[in-house]
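To start, the structure under review is shown below, and the notes come after it.
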Amino acid sequence: MTEDLRDFIRHRIRDDLRTGASDGIVTRFPPEPNGYLHIGHAKSICLNFGVAGEFDGRTYLRYDDTNPLRESQEYVDGIQRDIAWLGFAWAGPTFASDYFERLYEFAEELIKRDRAFVCSLPAEDIRATRGTLTEPGTDSPYRDRTVDDNLDLFRRMRAGEFADGTHVLRAKIDMASANVNMRDPVLYRIRHASHHRTGDDWCIYPMYDFTHCICDALEGVSHSLCTLEFEDHRPLYDWVLDNIAINYHPPQIEFSRLNLEYTVMSKRLFSSLVDDGHVTGWDDPRMPTLAGMRRRGYPAGAIREFCRRIGVTKSDGAVEYALLEFCVRQELEATAPRAMAVLDPLRVVLTNYEGDSESLSAPWHPQQPDQGHREMTFSSTLYIERDDFRESPPRKYRRLTPGGMVRLRYGYIIVCEEVVKAADGEIEELRCRYVPESKSGSDTSGLKPKGVIHWVDANTAVPAEVRLFERLFNDPNPGAGNFVEALNPTSLLIADARVEPAIVASEATSMQFERTGYFVKDARDFTSDRPVFNRTVALRDSYKPG
RNA sequence: UGGGGCGUCGCCAAGCGGUAAGGCACCGGGUUUUGAUCCCGGCAUACGCAGGUUCGAAUCCUGCCGCCCCAGCCA
């Protein structure tokens, strides 16, 4: 698909290719394996892989695994599963930890050039001497150690002679810089911790700012794309590469991260939601994680389409959920088979129906005949949606009413003759008459019912749990400060539904339940004995009562 | 009050000195055995504000205003 995407990054890449500044495109997607990927990552993935694909380049999946305290193999596996599901093929994977030895050598080089020094200040003192946003910091008392002392100390750091926190390697830049990132930033810290890949080989680990730029250079990344909050780090990215003997220097280009209304986009906040039991896990269908969206039934193609439509810029804002849902419906509309399920059943007894039952045929997708048909049974006892009957209907109500007539989709026309209520006034059952000559496809009744509703045969319908989701938060922009209070208490509703048997038997995972929405078999909990469905998204509804 | 960014329709977003694309949402209308889909139409005299340059500015200059990010031995 050669599409004319014209964001500032693609403009820049075309220019670089045209002027010869780049002779090929290499990008990378660099997640830290400390959590699951979310829709915000999908934007970055689609950008990096998309651009490489369009310009005949390649994209490395490179794990930024420089902090063994928070990273694990579980996450590296999950990340690969999600990217593959999204539909992208990476070069690698590679790991920052693959380059630990090279990184170490570059660090020694910096020391030998007197551009880095071992600082033995405690963390609190480093913080205290860093200055503030408006005041310069002050030099570390260890800043003037000799090159030989620094080299000796750094080698002993590596050798494991010191406890965590006792020494760090710092760049020697400028404690008075207006950019706090340039005030002698820490390059290496001591961490006697096992790394998920290098085990106990190392007890010193490089920091992001030192690692990332070098890995980009080593992998020949032509355009290092990252989000806006790293803009302030670009001078440091450039400083590191300018002060070591490396023959390549990628440009870092920043774009704004994705914000989605009514949700958060932070792995840290996700962890709290999971740990505190507000959701069932990283793949809870309400989560904006790719795992959650997959389980919710969002097609990968819909997420890619969404990322294409939101574009790439440097301005921050929040995209409305409606756009994502539009993309989801668009894809499901074209692919999902249709069937009938009643979410909130109301019994209907046909008083004039003779015989046991009959079989009716209905297309899996009326607009796509090649999807074929399924059989469904029809009998004297049916279920319809409780909401499809009103004793006192609003104006323009096109469903069933006392004395009213409605078409049962793919079945017969029925007329409501009696409303049976329980002692408390709750409607228990509708007694209706059906019109024998109104059978769908061979209707000779001449009747024109004002509406069509869905139904299932009470005798063959299968009980199913249907999970209905609403937004996780009520606040359009929940933040770290209020995200627990902002949680929507009714983000999950469970319906005791009745579905036609063909749904349970079908191979299809995603389906449209006619008139109610798109649903997917829950990947974890569905069994044919106990069917469980997730509502992916409701159908668009232009019905306005009154 | 230091530094770095960003401000075009409710939301996203083209535009790069020549007189405001597109999508989502929304509002009308048509088709329809899903109030779905589909189709047709409407939807910024206006580009944060104020000056200036120019025949001509959303696009250039100046000054304001607003919002976001930065003081982890996180990434």
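The chains in the structure tokens are called A, B, ... from first to last as shown; in each chain the residues are counted from 1, and the ligands are counted from 1 in the order shown.
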
With a cut-off of 10 Å and counting only C-alpha atoms (C1' of nucleotides), select all residues of chain B in contact with chain A and give the selection as a VMD selection string.
chain B and resid 1 to 7 11 to 14 23 to 25 33 to 37 67 to 75

What's around Asp457 in chain A at 8 Å? Count only C-alpha atoms (C1' of nucleotides), leave out sequence neighbours fewer than 3 positions away in its own chain, and write the answer as a PyMOL selection string.
chain A and resi 377-379+381-383+460-461+500

Take the residues from that selection and put them in a file with N, CA and C atoms, as a tab-separated table (two decimals), in the first residue's frame.
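The resulting file, selection-v1.tsv, is shown below:
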```
chain	number	residue	atom	x	y	z
A	377	THR	N	-33.53	-22.25	14.72
A	377	THR	CA	-34.85	-22.82	14.97
A	377	THR	C	-35.81	-21.72	15.40
A	378	PHE	N	-37.09	-22.00	15.13
A	378	PHE	CA	-38.16	-21.08	15.48
A	378	PHE	C	-39.23	-21.92	16.14
A	379	SER	N	-39.78	-21.45	17.26
A	379	SER	CA	-40.81	-22.24	17.92
A	379	SER	C	-41.81	-21.30	18.61
A	381	THR	N	-41.97	-20.50	21.67
A	381	THR	CA	-41.43	-19.74	22.79
A	381	THR	C	-40.10	-19.12	22.39
A	382	LEU	N	-40.07	-17.82	22.44
A	382	LEU	CA	-38.89	-17.09	21.98
A	382	LEU	C	-38.44	-16.11	23.06
A	383	TYR	N	-37.28	-15.54	22.83
A	383	TYR	CA	-36.84	-14.40	23.66
A	383	TYR	C	-36.60	-13.22	22.75
A	460	THR	N	-33.76	-23.56	22.05
A	460	THR	CA	-32.42	-23.94	21.60
A	460	THR	C	-31.35	-22.92	21.95
A	461	ALA	N	-31.76	-21.74	22.39
A	461	ALA	CA	-30.78	-20.70	22.68
A	461	ALA	C	-29.83	-21.16	23.78
A	500	GLU	N	-27.94	-17.63	19.81
A	500	GLU	CA	-28.31	-18.74	18.94
A	500	GLU	C	-27.14	-19.72	18.88
```

For the structure I just gave you, how does DSSP split range 356-488 of chain A - specifically, which residues are helix (DSSP H, G or I)? Reply as a ChimeraX atom specification.
/A:369-371,386-388,436-438

Next, write the just-selected residues to a file, as an mmCIF file, in the first residue's frame, keeping N, CA, C and O atoms as the atom set.
```
data_model
loop_
_atom_site.group_PDB
_atom_site.id
_atom_site.type_symbol
_atom_site.label_atom_id
_atom_site.label_comp_id
_atom_site.auth_asym_id
_atom_site.auth_seq_id
_atom_site.Cartn_x
_atom_site.Cartn_y
_atom_site.Cartn_z
ATOM 1 N N PRO A 369 -22.726 -12.624 0.439
ATOM 2 C CA PRO A 369 -23.352 -13.936 0.282
ATOM 3 C C PRO A 369 -22.353 -15.097 0.402
ATOM 4 O O PRO A 369 -22.707 -16.181 0.869
ATOM 5 N N ASP A 370 -21.111 -14.861 0.044
ATOM 6 C CA ASP A 370 -20.141 -15.956 0.112
ATOM 7 C C ASP A 370 -19.828 -16.384 1.534
ATOM 8 O O ASP A 370 -19.187 -17.419 1.752
ATOM 9 N N GLN A 371 -20.280 -15.617 2.516
ATOM 10 C CA GLN A 371 -20.084 -16.083 3.895
ATOM 11 C C GLN A 371 -21.099 -17.188 4.243
ATOM 12 O O GLN A 371 -21.005 -17.807 5.299
ATOM 13 N N ARG A 386 -35.624 -7.160 26.105
ATOM 14 C CA ARG A 386 -36.582 -6.468 26.963
ATOM 15 C C ARG A 386 -36.805 -5.020 26.499
ATOM 16 O O ARG A 386 -37.900 -4.488 26.565
ATOM 17 N N ASP A 387 -35.751 -4.448 26.003
ATOM 18 C CA ASP A 387 -35.820 -3.048 25.570
ATOM 19 C C ASP A 387 -36.578 -2.878 24.250
ATOM 20 O O ASP A 387 -36.858 -1.760 23.825
ATOM 21 N N ASP A 388 -36.899 -3.999 23.612
ATOM 22 C CA ASP A 388 -37.613 -3.909 22.340
ATOM 23 C C ASP A 388 -39.124 -3.961 22.527
ATOM 24 O O ASP A 388 -39.882 -4.138 21.568
ATOM 25 N N PRO A 436 -48.685 -16.540 10.053
ATOM 26 C CA PRO A 436 -48.082 -17.684 9.367
ATOM 27 C C PRO A 436 -47.597 -17.384 7.954
ATOM 28 O O PRO A 436 -46.563 -17.890 7.515
ATOM 29 N N GLU A 437 -48.325 -16.526 7.239
ATOM 30 C CA GLU A 437 -47.953 -16.268 5.838
ATOM 31 C C GLU A 437 -46.899 -15.155 5.699
ATOM 32 O O GLU A 437 -46.621 -14.692 4.607
ATOM 33 N N SER A 438 -46.303 -14.745 6.839
ATOM 34 C CA SER A 438 -45.345 -13.639 6.780
ATOM 35 C C SER A 438 -43.904 -14.122 6.851
ATOM 36 O O SER A 438 -42.986 -13.335 7.091
#
```

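Within the 10 Å cut-off around Glu105 in chain A, using only C-alpha atoms (C1' of nucleotides) and omitting residues fewer than 6 positions from it on the same chain, the listed residues are Tyr99, Ile111 and Ile244 of chain A.
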
Got time to write the residues from that selection, C-alpha atoms, as a short mmCIF file (atom, residue, chain, number, x, y, z; two decimals), in the first residue's frame?
```cif
data_model
loop_
_atom_site.label_atom_id
_atom_site.label_comp_id
_atom_site.auth_asym_id
_atom_site.auth_seq_id
_atom_site.Cartn_x
_atom_site.Cartn_y
_atom_site.Cartn_z
CA TYR A 99 26.22 -3.88 23.73
CA ILE A 111 37.27 8.90 31.05
CA ILE A 244 33.59 9.24 21.57
#
```

Can you pull out every residue within 6 Å of range 281-296 of chain A, counting only C-alpha atoms (C1' of nucleotides), but drop anything in the same chain fewer than 6 positions away, and send it as a PyMOL selection string?
chain A and resi 37-39+274+536

Export of prior selection with N, CA and C atoms as a PDB file, in the first residue's frame:
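selection38.pdb, freshly written:
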```
ATOM      1  N   LEU A  37       2.796  -3.346  26.168  1.00  0.00           N
ATOM      2  CA  LEU A  37       2.634  -2.256  25.208  1.00  0.00           C
ATOM      3  C   LEU A  37       1.195  -1.738  25.206  1.00  0.00           C
ATOM      4  N   HIS A  38       1.044  -0.442  24.975  1.00  0.00           N
ATOM      5  CA  HIS A  38      -0.300   0.130  24.893  1.00  0.00           C
ATOM      6  C   HIS A  38      -0.497   0.836  23.552  1.00  0.00           C
ATOM      7  N   ILE A  39      -1.683   1.400  23.384  1.00  0.00           N
ATOM      8  CA  ILE A  39      -2.034   2.023  22.119  1.00  0.00           C
ATOM      9  C   ILE A  39      -1.089   3.179  21.774  1.00  0.00           C
ATOM     10  N   VAL A 274      -3.687  -2.898  37.922  1.00  0.00           N
ATOM     11  CA  VAL A 274      -3.616  -4.355  38.009  1.00  0.00           C
ATOM     12  C   VAL A 274      -3.380  -4.790  39.449  1.00  0.00           C
ATOM     13  N   THR A 536     -17.054  -5.873  21.918  1.00  0.00           N
ATOM     14  CA  THR A 536     -15.931  -5.101  21.390  1.00  0.00           C
ATOM     15  C   THR A 536     -16.328  -3.635  21.313  1.00  0.00           C
TER      16      THR A 536
END
```

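Among the candidate residues B:C39, B:C9, B:C27, B:A50, the one lying nearest to U62 in chain B is B:A50, with distances computed using only C-alpha atoms (C1' of nucleotides).
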
Compare A:Asp82, A:Asp276, A:Asp114, A:Glu465 by their minimum atom-to-atom distance to Ala42 in chain A, counting only C-alpha atoms, and give me the closest one.
A:Asp82

Would you kindly return, as JSON, numbers by chain, each protein, DNA or RNA residue with an atom no farther than 9 Å from any atom of Cys432 in chain A, considering only C-alpha atoms (C1' of nucleotides) and excluding same-chain residues fewer than 3 positions away?
{"A": [348, 349, 350, 351, 352, 403, 414, 415, 416, 417, 418, 419]}

Those same residues, written as a PDB file, in the first residue's frame with N, CA and C atoms?
```pdb
ATOM      1  N   VAL A 348     -41.402 -14.500  24.950  1.00  0.00           N
ATOM      2  CA  VAL A 348     -42.539 -14.253  24.066  1.00  0.00           C
ATOM      3  C   VAL A 348     -43.161 -15.607  23.732  1.00  0.00           C
ATOM      4  N   VAL A 349     -44.461 -15.755  24.010  1.00  0.00           N
ATOM      5  CA  VAL A 349     -45.137 -17.007  23.680  1.00  0.00           C
ATOM      6  C   VAL A 349     -46.091 -16.749  22.520  1.00  0.00           C
ATOM      7  N   LEU A 350     -45.948 -17.561  21.484  1.00  0.00           N
ATOM      8  CA  LEU A 350     -46.814 -17.398  20.316  1.00  0.00           C
ATOM      9  C   LEU A 350     -48.032 -18.298  20.504  1.00  0.00           C
ATOM     10  N   THR A 351     -49.168 -17.684  20.765  1.00  0.00           N
ATOM     11  CA  THR A 351     -50.365 -18.443  21.139  1.00  0.00           C
ATOM     12  C   THR A 351     -50.947 -19.248  19.996  1.00  0.00           C
ATOM     13  N   ASN A 352     -50.680 -18.834  18.765  1.00  0.00           N
ATOM     14  CA  ASN A 352     -51.276 -19.553  17.638  1.00  0.00           C
ATOM     15  C   ASN A 352     -50.274 -20.396  16.863  1.00  0.00           C
ATOM     16  N   GLY A 403     -50.576  -4.512  21.274  1.00  0.00           N
ATOM     17  CA  GLY A 403     -51.388  -4.396  20.065  1.00  0.00           C
ATOM     18  C   GLY A 403     -50.562  -4.102  18.832  1.00  0.00           C
ATOM     19  N   ILE A 414     -44.984 -10.702  14.205  1.00  0.00           N
ATOM     20  CA  ILE A 414     -45.804 -11.034  15.364  1.00  0.00           C
ATOM     21  C   ILE A 414     -46.587  -9.796  15.812  1.00  0.00           C
ATOM     22  N   VAL A 415     -47.695 -10.080  16.508  1.00  0.00           N
ATOM     23  CA  VAL A 415     -48.534  -9.004  17.024  1.00  0.00           C
ATOM     24  C   VAL A 415     -48.717  -9.258  18.516  1.00  0.00           C
ATOM     25  N   CYS A 416     -48.464  -8.279  19.313  1.00  0.00           N
ATOM     26  CA  CYS A 416     -48.547  -8.446  20.759  1.00  0.00           C
ATOM     27  C   CYS A 416     -50.004  -8.331  21.221  1.00  0.00           C
ATOM     28  N   GLU A 417     -50.480  -9.388  21.894  1.00  0.00           N
ATOM     29  CA  GLU A 417     -51.883  -9.382  22.328  1.00  0.00           C
ATOM     30  C   GLU A 417     -52.073  -9.268  23.822  1.00  0.00           C
ATOM     31  N   GLU A 418     -51.035  -9.630  24.594  1.00  0.00           N
ATOM     32  CA  GLU A 418     -51.224  -9.603  26.042  1.00  0.00           C
ATOM     33  C   GLU A 418     -49.886  -9.450  26.753  1.00  0.00           C
ATOM     34  N   VAL A 419     -49.903  -8.662  27.794  1.00  0.00           N
ATOM     35  CA  VAL A 419     -48.703  -8.461  28.598  1.00  0.00           C
ATOM     36  C   VAL A 419     -48.914  -9.143  29.935  1.00  0.00           C
TER      37      VAL A 419
END
```
